[in-house]
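Colleague: So here's run.txt, just compact mmCIF, C-alpha atoms:
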# COMPACT_ATOMS: atom_id res chain seq x y z
CA MET A 1 -76.51 -2.07 -37.08
CA THR A 2 -76.83 0.62 -34.43
CA HIS A 3 -79.72 0.00 -32.07
CA LEU A 4 -82.04 2.65 -30.70
CA ASP A 5 -80.67 4.51 -27.72
CA PRO A 6 -82.69 4.83 -24.46
CA ALA A 7 -83.95 8.31 -25.32
CA GLN A 8 -85.24 7.11 -28.71
CA LEU A 9 -86.94 4.15 -27.03
CA VAL A 10 -88.64 6.48 -24.55
CA ASP A 11 -89.81 8.70 -27.39
CA LEU A 12 -91.32 5.68 -29.13
CA LEU A 13 -92.85 4.52 -25.86
CA GLU A 14 -94.56 7.88 -25.45
CA GLY A 15 -95.67 8.08 -29.08
CA ASN A 16 -93.11 10.68 -30.08
CA GLY A 17 -90.80 8.52 -32.17
CA THR A 18 -89.25 9.90 -35.32
CA SER A 19 -89.77 8.26 -38.68
CA THR A 20 -86.18 7.00 -38.55
CA SER A 21 -86.76 5.33 -35.18
CA THR A 22 -90.01 3.79 -36.35
CA ALA A 23 -88.37 2.45 -39.48
CA HIS A 24 -85.55 0.96 -37.44
CA LEU A 25 -88.00 -0.67 -35.08
CA GLU A 26 -89.72 -2.51 -37.94
CA SER A 27 -86.50 -4.21 -38.91
CA CYS A 28 -84.90 -4.78 -35.49
CA ALA A 29 -86.22 -7.56 -33.26
CA PRO A 30 -84.00 -6.73 -30.22
CA CYS A 31 -85.23 -3.13 -30.19
CA ARG A 32 -88.82 -4.30 -30.51
CA ALA A 33 -88.29 -6.65 -27.58
CA GLU A 34 -86.78 -3.86 -25.52
CA LEU A 35 -89.64 -1.50 -26.31
CA SER A 36 -92.11 -4.24 -25.48
CA ALA A 37 -90.48 -4.70 -22.05
CA LEU A 38 -90.72 -0.96 -21.37
CA GLN A 39 -94.38 -0.95 -22.38
CA ALA A 40 -95.06 -3.87 -20.04
CA ALA A 41 -93.38 -2.09 -17.11
CA LEU A 42 -95.30 1.11 -17.77
CA HIS A 43 -98.54 -0.83 -18.07
CA THR A 44 -97.86 -2.51 -14.70
CA LEU A 45 -97.26 0.88 -13.12
CA HIS A 46 -100.50 2.31 -14.43
CA ALA A 47 -102.51 -0.86 -13.81
CA THR A 48 -101.67 -0.85 -10.11
CA THR A 49 -103.06 2.62 -9.47
CA PRO A 50 -106.58 2.39 -7.98
CA ALA A 51 -109.62 2.82 -10.14
CA THR A 52 -110.79 5.75 -8.01
CA GLY A 53 -108.45 8.24 -9.60
CA PRO A 54 -105.03 8.96 -10.99
CA ASP A 55 -103.35 8.81 -7.60
CA ASP A 56 -103.19 6.12 -4.96
CA VAL A 57 -102.09 8.78 -2.50
CA PRO A 58 -104.43 9.35 0.46
CA GLU A 59 -106.77 12.29 0.15
CA PHE A 60 -107.29 14.54 3.17
CA SER A 61 -109.81 17.02 4.44
CA PRO A 62 -109.18 20.78 4.43
CA PHE A 63 -108.65 20.48 8.18
CA TYR A 64 -105.64 18.23 7.63
CA TRP A 65 -104.05 20.77 5.31
CA GLU A 66 -104.68 23.58 7.80
CA GLN A 67 -102.85 21.50 10.38
CA PHE A 68 -100.12 20.82 7.85
CA THR A 69 -99.50 24.54 7.25
CA ARG A 70 -99.55 25.19 10.99
CA GLY A 71 -97.04 22.38 11.49
CA VAL A 72 -94.70 23.92 8.93
CA ASN A 73 -94.86 27.28 10.75
CA GLU A 74 -94.22 25.64 14.10
CA ARG A 75 -91.14 23.95 12.73
CA ILE A 76 -89.92 27.21 11.22
CA ASP A 77 -90.42 29.05 14.51
CA ALA A 78 -88.92 26.29 16.65
CA PRO A 79 -85.50 27.22 18.05
CA SER A 80 -82.63 25.91 16.00
CA ARG A 81 -81.26 22.67 17.33
CA GLY A 82 -77.53 22.90 17.05
CA TRP A 83 -74.82 21.66 19.34
CA THR A 84 -76.76 22.89 22.39
CA GLU A 85 -79.08 19.93 21.83
CA TRP A 86 -76.33 17.82 23.33
CA ILE A 87 -76.35 19.62 26.66
CA ARG A 88 -80.05 18.98 27.26
CA PRO A 89 -80.70 16.63 30.18
CA PRO A 90 -81.55 13.33 28.42
CA ARG A 91 -78.69 13.48 25.98
CA LEU A 92 -76.30 14.91 28.54
CA ALA A 93 -77.06 12.05 30.92
CA ALA A 94 -76.50 9.50 28.15
CA ALA A 95 -73.27 11.19 27.11
CA LEU A 96 -71.98 11.27 30.70
CA ALA A 97 -72.90 7.62 31.19
CA ALA A 98 -71.07 6.69 28.01
CA ALA A 99 -68.04 8.73 29.09
CA ALA A 100 -68.04 7.08 32.53
CA LEU A 101 -68.23 3.63 30.93
CA VAL A 102 -65.33 4.40 28.60
CA PHE A 103 -63.34 5.75 31.56
CA VAL A 104 -63.93 2.63 33.64
CA LEU A 105 -63.04 0.33 30.76
CA VAL A 106 -59.90 2.23 29.85
CA ILE A 107 -58.68 2.51 33.43
CA GLY A 108 -59.66 -1.10 34.07
CA ALA A 109 -57.75 -2.32 31.04
CA ARG A 110 -54.68 -0.32 32.02
CA THR A 111 -54.61 -1.39 35.68
CA LEU A 112 -55.73 -5.00 35.45
CA HIS A 113 -52.55 -7.05 35.48
CA ILE A 114 -51.81 -10.60 36.36
CA PRO A 115 -50.17 -11.33 39.71
CA SER A 116 -46.41 -11.10 39.68
CA ALA A 117 -44.36 -14.15 38.95
CA THR A 118 -43.22 -14.41 42.57
CA ASP A 119 -46.82 -14.81 43.74
CA ARG A 120 -47.48 -17.77 41.54
CA LEU A 121 -47.26 -21.36 42.58
CA PRO A 122 -44.40 -23.15 40.92
CA ASN A 123 -45.44 -25.66 38.32
CA PRO A 124 -43.48 -28.83 38.93
CA ALA A 125 -43.98 -30.02 35.40
CA THR A 126 -42.49 -26.99 33.78
CA ALA A 127 -40.15 -25.85 36.58
CA ILE A 128 -40.33 -22.16 35.86
CA THR A 129 -37.20 -20.28 36.69
CA GLY A 130 -36.78 -16.58 37.20
CA THR A 131 -35.74 -16.11 33.61
CA GLU A 132 -38.21 -18.56 32.01
CA ARG A 133 -41.49 -16.98 32.69
CA SER A 134 -44.61 -18.53 31.21
CA VAL A 135 -46.10 -15.14 30.47
CA PRO A 136 -44.87 -12.30 28.40
CA THR A 137 -42.67 -10.00 30.41
CA GLU A 138 -44.59 -6.92 29.37
CA ILE A 139 -47.72 -8.15 31.13
CA ALA A 140 -46.03 -9.78 34.11
CA GLY A 141 -46.67 -6.97 36.52
CA SER A 142 -45.29 -5.86 39.82
CA ASP A 143 -46.74 -6.54 43.28
CA GLU A 144 -49.07 -3.59 43.05
CA SER A 145 -50.92 -5.22 40.16
CA ARG A 146 -52.33 -7.75 42.60
CA ASP A 147 -54.18 -4.98 44.37
CA ASP A 148 -55.58 -3.85 41.06
CA VAL A 149 -56.90 -7.32 40.40
CA GLU A 150 -58.49 -7.39 43.84
CA ALA A 151 -60.14 -4.05 43.19
CA ASP A 152 -61.42 -4.83 39.72
CA ALA A 153 -65.16 -5.40 39.80
CA ALA A 154 -65.33 -7.47 36.65
CA TRP A 155 -62.48 -9.69 37.77
CA ALA A 156 -64.14 -10.11 41.20
CA VAL A 157 -66.97 -11.94 39.47
CA VAL A 158 -64.48 -14.39 37.98
CA ARG A 159 -62.76 -14.87 41.32
CA THR A 160 -66.08 -15.48 43.06
CA ALA A 161 -67.00 -18.13 40.53
CA ALA A 162 -63.68 -19.91 40.86
CA GLN A 163 -63.03 -19.65 44.58
CA ASP A 164 -64.87 -22.88 45.48
CA LEU A 165 -63.53 -24.85 42.59
CA ALA A 166 -61.11 -27.52 43.75
CA TYR A 167 -58.07 -28.02 41.58
CA GLU A 168 -58.67 -31.77 41.44
CA ASP A 169 -62.25 -31.25 40.25
CA ALA A 170 -61.14 -28.85 37.61
CA GLU A 171 -58.43 -31.23 36.43
CA ALA A 172 -60.93 -34.12 36.35
CA GLU A 173 -63.05 -32.02 34.02
CA GLY A 174 -60.09 -31.46 31.78
CA ILE A 175 -59.44 -27.93 33.01
CA SER A 176 -55.88 -27.69 34.20
CA PRO A 177 -54.66 -24.19 33.66
CA ARG A 178 -51.22 -23.15 34.52
CA PRO A 179 -50.99 -20.42 37.11
CA GLY A 180 -51.73 -17.13 35.45
CA SER A 181 -53.46 -18.65 32.40
CA ALA A 182 -56.88 -17.29 33.24
CA GLU A 183 -55.43 -13.88 33.88
CA ILE A 184 -53.62 -13.92 30.57
CA ALA A 185 -56.76 -15.02 28.80
CA VAL A 186 -58.73 -12.21 30.37
CA LEU A 187 -56.05 -9.66 29.58
CA GLN A 188 -56.12 -10.72 25.96
CA MET A 189 -59.82 -10.07 25.77
CA SER A 190 -61.26 -6.85 24.51
CA ASN A 191 -63.21 -4.67 26.91
CA ASP A 192 -66.43 -5.84 25.36
CA GLU A 193 -65.44 -9.47 25.72
CA ARG A 194 -64.55 -8.95 29.40
CA ALA A 195 -67.81 -7.21 30.07
CA GLU A 196 -69.70 -10.04 28.35
CA LEU A 197 -67.76 -12.65 30.36
CA ALA A 198 -68.61 -10.84 33.59
CA ARG A 199 -72.24 -10.67 32.56
CA LEU A 200 -72.41 -14.37 31.74
CA ILE A 201 -70.76 -15.35 35.01
CA ALA A 202 -73.01 -13.03 37.03
CA ASN A 203 -76.05 -14.56 35.32
CA GLU A 204 -74.79 -18.03 36.07
CA LEU A 205 -74.18 -17.15 39.74
CA LYS A 206 -77.65 -15.66 39.99
CA ARG A 207 -79.19 -18.70 38.33
CA SER A 208 -77.41 -21.15 40.65
CA GLY A 209 -78.19 -19.05 43.74
CA ALA A 210 -74.55 -18.56 44.60
CA MET B 1 -101.41 36.60 -7.07
CA ASP B 2 -98.91 34.30 -8.77
CA ASP B 3 -96.10 32.35 -7.16
CA ALA B 4 -93.40 34.85 -8.14
CA GLU B 5 -95.21 37.69 -6.38
CA LEU B 6 -95.82 35.56 -3.32
CA VAL B 7 -92.12 34.70 -3.21
CA LYS B 8 -91.16 38.39 -3.31
CA LEU B 9 -93.52 39.15 -0.44
CA ALA B 10 -92.28 36.15 1.51
CA GLN B 11 -88.70 37.26 0.93
CA ALA B 12 -89.70 40.63 2.36
CA GLY B 13 -90.85 38.89 5.52
CA GLU B 14 -94.56 38.40 4.83
CA ARG B 15 -95.35 35.11 6.50
CA ASP B 16 -98.86 35.05 5.07
CA ALA B 17 -97.36 35.03 1.61
CA PHE B 18 -95.25 32.03 2.50
CA ASP B 19 -98.32 30.33 3.97
CA ALA B 20 -100.06 30.89 0.65
CA ILE B 21 -97.15 29.20 -1.15
CA VAL B 22 -97.38 26.26 1.25
CA GLN B 23 -101.12 25.96 0.78
CA ARG B 24 -100.77 26.09 -2.97
CA HIS B 25 -98.15 23.35 -3.23
CA GLN B 26 -98.53 21.21 -0.11
CA ARG B 27 -100.73 18.53 -1.66
CA ARG B 28 -98.44 18.04 -4.63
CA ILE B 29 -95.32 17.93 -2.47
CA TYR B 30 -96.97 15.54 -0.05
CA GLN B 31 -97.91 13.27 -2.97
CA LEU B 32 -94.33 13.29 -4.22
CA CYS B 33 -93.00 12.41 -0.77
CA TYR B 34 -95.63 9.70 -0.44
CA ARG B 35 -94.45 8.19 -3.72
CA PHE B 36 -90.97 7.94 -2.29
CA VAL B 37 -91.80 6.52 1.13
CA GLY B 38 -95.17 4.84 0.70
CA ASN B 39 -96.64 5.72 4.08
CA HIS B 40 -98.48 8.74 5.44
CA GLU B 41 -96.42 9.35 8.56
CA ASP B 42 -93.07 9.70 6.80
CA ALA B 43 -94.59 11.48 3.82
CA SER B 44 -96.20 14.12 6.02
CA ASP B 45 -92.99 14.61 8.00
CA LEU B 46 -90.87 14.92 4.85
CA ALA B 47 -93.31 17.27 3.14
CA GLN B 48 -93.25 19.63 6.12
CA ASP B 49 -89.47 19.42 6.13
CA VAL B 50 -89.48 20.44 2.45
CA PHE B 51 -91.31 23.68 3.23
CA VAL B 52 -89.13 24.44 6.24
CA ARG B 53 -86.07 24.11 4.00
CA ALA B 54 -87.74 26.19 1.34
CA PHE B 55 -88.44 28.94 3.89
CA ARG B 56 -84.80 28.97 4.98
CA ALA B 57 -83.64 29.00 1.36
CA LEU B 58 -86.01 31.82 0.36
CA PRO B 59 -83.36 34.56 0.50
CA LYS B 60 -81.27 32.65 -2.06
CA PHE B 61 -84.14 31.91 -4.44
CA LYS B 62 -83.64 34.08 -7.53
CA GLY B 63 -86.70 32.95 -9.42
CA ASP B 64 -84.72 31.29 -12.22
CA SER B 65 -87.14 28.39 -12.13
CA ALA B 66 -90.80 28.13 -11.24
CA VAL B 67 -91.61 27.87 -7.54
CA GLY B 68 -93.16 24.45 -8.14
CA THR B 69 -89.99 23.20 -9.83
CA TRP B 70 -87.88 24.61 -7.01
CA LEU B 71 -90.05 22.91 -4.38
CA HIS B 72 -89.96 19.63 -6.29
CA ARG B 73 -86.16 19.85 -6.39
CA ILE B 74 -86.00 20.37 -2.64
CA ALA B 75 -88.47 17.51 -2.11
CA VAL B 76 -86.49 15.07 -4.24
CA ASN B 77 -83.31 15.97 -2.36
CA VAL B 78 -85.01 15.66 1.02
CA CYS B 79 -86.52 12.28 0.11
CA LEU B 80 -83.33 10.85 -1.35
CA ASN B 81 -81.15 12.12 1.47
CA ARG B 82 -83.21 11.06 4.44
CA LYS B 83 -81.04 8.32 5.94
CA ALA B 84 -83.85 6.60 7.77
CA LEU B 85 -85.65 6.14 4.48
CA LYS B 86 -83.02 4.16 2.68
CA THR B 87 -85.37 1.26 3.12
CA PRO B 88 -88.82 2.78 2.73
CA ARG B 89 -91.58 1.33 4.87
CA PHE B 90 -94.52 0.79 2.63
CA ALA B 91 -97.99 0.39 3.98
CA SER B 92 -99.07 -3.23 4.17
CA ILE B 93 -102.09 -4.47 2.29
CA ASP B 94 -104.16 -4.01 5.47
CA GLU B 95 -103.16 -0.35 5.73
CA VAL B 96 -103.81 0.50 2.11
CA GLU B 97 -106.70 2.88 1.64
CA PRO B 98 -109.74 1.01 0.40
CA VAL B 99 -110.46 1.70 -3.22
CA ASP B 100 -113.68 1.67 -5.16
CA VAL B 101 -114.18 -2.00 -5.93
CA ARG B 102 -117.82 -1.75 -6.91
CA ALA B 103 -116.96 -2.42 -10.51
CA GLU B 104 -114.63 -5.34 -9.91
CA ARG B 105 -114.63 -8.63 -8.05
CA ALA B 106 -113.12 -8.71 -4.56
CA ASP B 107 -110.43 -11.25 -5.47
CA VAL B 108 -109.36 -9.11 -8.43
CA ALA B 109 -109.10 -6.07 -6.15
CA VAL B 110 -106.98 -7.98 -3.63
CA LEU B 111 -104.65 -9.23 -6.33
CA ARG B 112 -104.32 -5.71 -7.70
CA ASP B 113 -103.49 -4.33 -4.27
CA GLU B 114 -100.87 -7.02 -3.72
CA ARG B 115 -99.42 -6.24 -7.11
CA ALA B 116 -99.38 -2.53 -6.23
CA ILE B 117 -97.36 -3.23 -3.09
CA GLN B 118 -94.91 -5.31 -5.13
CA VAL B 119 -94.55 -2.50 -7.63
CA ARG B 120 -93.88 0.07 -4.90
CA ALA B 121 -91.29 -2.21 -3.32
CA ALA B 122 -89.61 -2.66 -6.70
CA VAL B 123 -89.61 1.11 -7.30
CA ALA B 124 -88.01 1.58 -3.90
CA ARG B 125 -85.14 -0.67 -4.96
CA LEU B 126 -84.24 1.40 -8.01
CA PRO B 127 -81.13 3.60 -7.93
CA PRO B 128 -82.02 7.07 -6.55
CA LYS B 129 -81.98 9.03 -9.79
CA GLN B 130 -83.93 6.37 -11.68
CA ARG B 131 -86.46 6.23 -8.86
CA ALA B 132 -86.87 9.99 -8.83
CA THR B 133 -87.22 10.11 -12.62
CA LEU B 134 -89.78 7.31 -12.66
CA ILE B 135 -91.90 8.91 -9.94
CA LEU B 136 -91.82 12.34 -11.55
CA ARG B 137 -92.56 11.01 -15.02
CA ALA B 138 -94.86 8.03 -14.56
CA TYR B 139 -96.80 9.16 -11.49
CA HIS B 140 -96.63 12.94 -11.59
CA GLU B 141 -96.55 13.08 -15.38
CA LEU B 142 -94.16 16.00 -15.46
CA PRO B 143 -92.57 16.80 -18.82
CA HIS B 144 -89.01 15.68 -19.40
CA ASP B 145 -87.62 19.21 -19.47
CA GLU B 146 -89.12 20.05 -16.08
CA ILE B 147 -87.78 16.82 -14.62
CA ALA B 148 -84.40 17.80 -16.02
CA LYS B 149 -84.59 21.14 -14.16
CA ILE B 150 -85.66 19.41 -10.94
CA LEU B 151 -82.89 16.86 -11.10
CA GLY B 152 -80.28 19.20 -12.50
CA SER B 153 -79.60 17.11 -15.56
CA SER B 154 -80.24 17.14 -19.30
CA VAL B 155 -83.40 15.99 -21.06
CA GLY B 156 -81.42 13.18 -22.67
CA ALA B 157 -80.25 12.00 -19.27
CA VAL B 158 -83.80 12.09 -17.95
CA LYS B 159 -85.04 9.96 -20.84
CA ALA B 160 -82.16 7.53 -20.37
CA ASN B 161 -82.88 7.29 -16.64
CA PHE B 162 -86.57 6.72 -17.33
CA CYS B 163 -85.73 3.97 -19.82
CA HIS B 164 -83.34 2.26 -17.41
CA ALA B 165 -85.80 2.63 -14.54
CA LEU B 166 -88.56 0.89 -16.51
CA ALA B 167 -86.21 -1.86 -17.67
CA ASN B 168 -84.96 -2.44 -14.11
CA LEU B 169 -88.49 -2.35 -12.78
CA LYS B 170 -89.50 -5.05 -15.26
CA ARG B 171 -86.54 -7.17 -14.20
CA LEU B 172 -87.35 -6.73 -10.49
CA MET B 173 -91.01 -7.53 -11.02
CA ASP B 174 -90.19 -10.61 -13.07
CA ALA B 175 -87.78 -11.78 -10.38
CA SER B 176 -90.40 -11.36 -7.66
Would you put the structure from the file into structure tokens?

Modeller:
Amino acid sequence: MTHLDPAQLVDLLEGNGTSTSTAHLESCAPCRAELSALQAALHTLHATTPATGPDDVPEFSPFYWEQFTRGVNERIDAPSRGWTEWIRPPRLAAALAAAALVFVLVIGARTLHIPSATDRLPNPATAITGTERSVPTEIAGSDESRDDVEADAAWAVVRTAAQDLAYEDAEAEGISPRPGSAEIAVLQMSNDERAELARLIANELKRSGA
Amino acid sequence: MDDAELVKLAQAGERDAFDAIVQRHQRRIYQLCYRFVGNHEDASDLAQDVFVRAFRALPKFKGDSAVGTWLHRIAVNVCLNRKALKTPRFASIDEVEPVDVRAERADVAVLRDERAIQVRAAVARLPPKQRATLILRAYHELPHDEIAKILGSSVGAVKANFCHALANLKRLMDAS
């Protein structure tokens, strides 16, 4: 048996059903159940509108509508806001700040390298030779990278936090990095992660009064 | 003066004629927007936006449909396309306009208001075309053929959308 389609159900719901639809409904329990569900939903919709009138939409004074019309005209007459919106002071300042931040992060990521292998202390346990470097060769920089590390503001925060940390104390706490490990870890971070690390360390330094 | 004449004058640059169109339809358009967003601030903003868009589209309006239908079509598009309104902010029970409760007990009125908020939230969760159809049919009581013109679909599709909207509404209300 073919059931009533949605349009036929709506016609029945609104009292416009054909004799064929009505006859089908009398012999089809699923269609009756479906129609009953639609009637219940429609009843809920109508029952939740306030008793004061057909609409639960706020009613306003003529003054409001005068203001409304005036508002429409003001919007129509307002100058078009195209791309020039972006060169207005507040947005321009925000855009420049964002550009400066991106610049700093990109340049910082490109110039921040670990110290060269020759600057590192030899690790007796692993006995690094010139050909067995503990870091990937592509990130083992030249001597000039050391200057970049010194100049990097974010990395300065890390250095400040670590400068008073004795190796023995760090080892006692289970922290025994190989030379260059921290640098490698930082270089493997994203810009956002580095910025967050710098922020956390700065907060910690401020909290401890360092 | 009827809408068609006002449109011709407005197309010729008569701003007073356009103002008359706004004044004639603003309440209805506001109500439609309010049904979509459920709060005065957004409804007022959207309704004004509808008329601004209508003004800019005036030169292209050929008069194939009634001005009211045309404005409703713009309003539905504006309401459905506003990104910030994907999750409509409905007025809480404290913000709802007080209704005439002289004829009913206070607890009954409170329950009805709570139920009304649930219904609006459920309507807001319907797929866009079902929501638009339900609002235009159940609240604005527009005939199916006019809804079809507004939504750019067939009468059969409008009836099907109305049927699905009611069925989904029932499911959402039962689940809540």

Colleague: Determine which residues of chain A sit within 6 Å of chain B, taking into account all atoms listed in the file, and present them as a list in words.

Modeller: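 Therefore, the residues near the partner are Pro6, Ala7, Leu38, Ala41, Thr48, Thr52, Val72 and Ile76 of chain A.
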
Colleague: Would you export the selected residues with C-alpha atoms as a short mmCIF file (atom, residue, chain, number, x, y, z; two decimals), in the frame of the given file, please?

Modeller:
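Generated file (out-v5.cif):
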data_model
loop_
_atom_site.label_atom_id
_atom_site.label_comp_id
_atom_site.auth_asym_id
_atom_site.auth_seq_id
_atom_site.Cartn_x
_atom_site.Cartn_y
_atom_site.Cartn_z
CA PRO A 6 -82.69 4.83 -24.46
CA ALA A 7 -83.95 8.31 -25.32
CA LEU A 38 -90.72 -0.96 -21.37
CA ALA A 41 -93.38 -2.09 -17.11
CA THR A 48 -101.67 -0.85 -10.11
CA THR A 52 -110.79 5.75 -8.01
CA VAL A 72 -94.70 23.92 8.93
CA ILE A 76 -89.92 27.21 11.22
#

Colleague: Could you state the separation of CA of His25 in chain B and CA of Gly68 in chain B in Å, given to one decimal place?

Modeller: 7.1 Å

Colleague: Would you mind telling me which residue in B:Leu58, B:Ala122, B:Ala12, B:Leu136 lies nearest to Arg28 in chain B when using only C-alpha atoms?

Modeller: B:Leu136

Colleague: To one decimal place, how far is CA of Ile201 in chain A from CA of Gln188 in chain A in Å?

Modeller: 17.8 Å

Colleague: State, in Å with one decimal place, the distance from CA of Ala121 in chain B to CA of Leu45 in chain A.

Modeller: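 We find that CA of Ala121 in chain B and CA of Leu45 in chain A lie 11.9 Å from each other.
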
Colleague: I'd like the neighbourhood of Glu14 in chain A as a PyMOL selection string, where a residue qualifies if any of its atoms comes within 10 Å (using all atoms listed in the file), though same-chain residues fewer than 5 positions away should be ignored.

Modeller: chain A and resi 8-9+39

Colleague: Would you compute the box with edges along x, y and z of the file around range 64-68 of chain B, including every atom the file lists for it and 6 Å extra on each side, and give its centre and edge lengths in Å to one decimal, as lines of an AutoDock Vina configuration file?

Modeller:
center_x = -88.9
center_y = 27.9
center_z = -9.9
size_x = 20.4
size_y = 18.8
size_z = 16.7

Colleague: List every protein, DNA or RNA residue that has at least one atom no more than 12 Å from (-89.4, 21.1, -13.7) in the file's coordinates, counting only C-alpha atoms, and write the result as a PyMOL selection string.

Modeller: chain B and resi 64-74+76+133+136-137+140-155+158
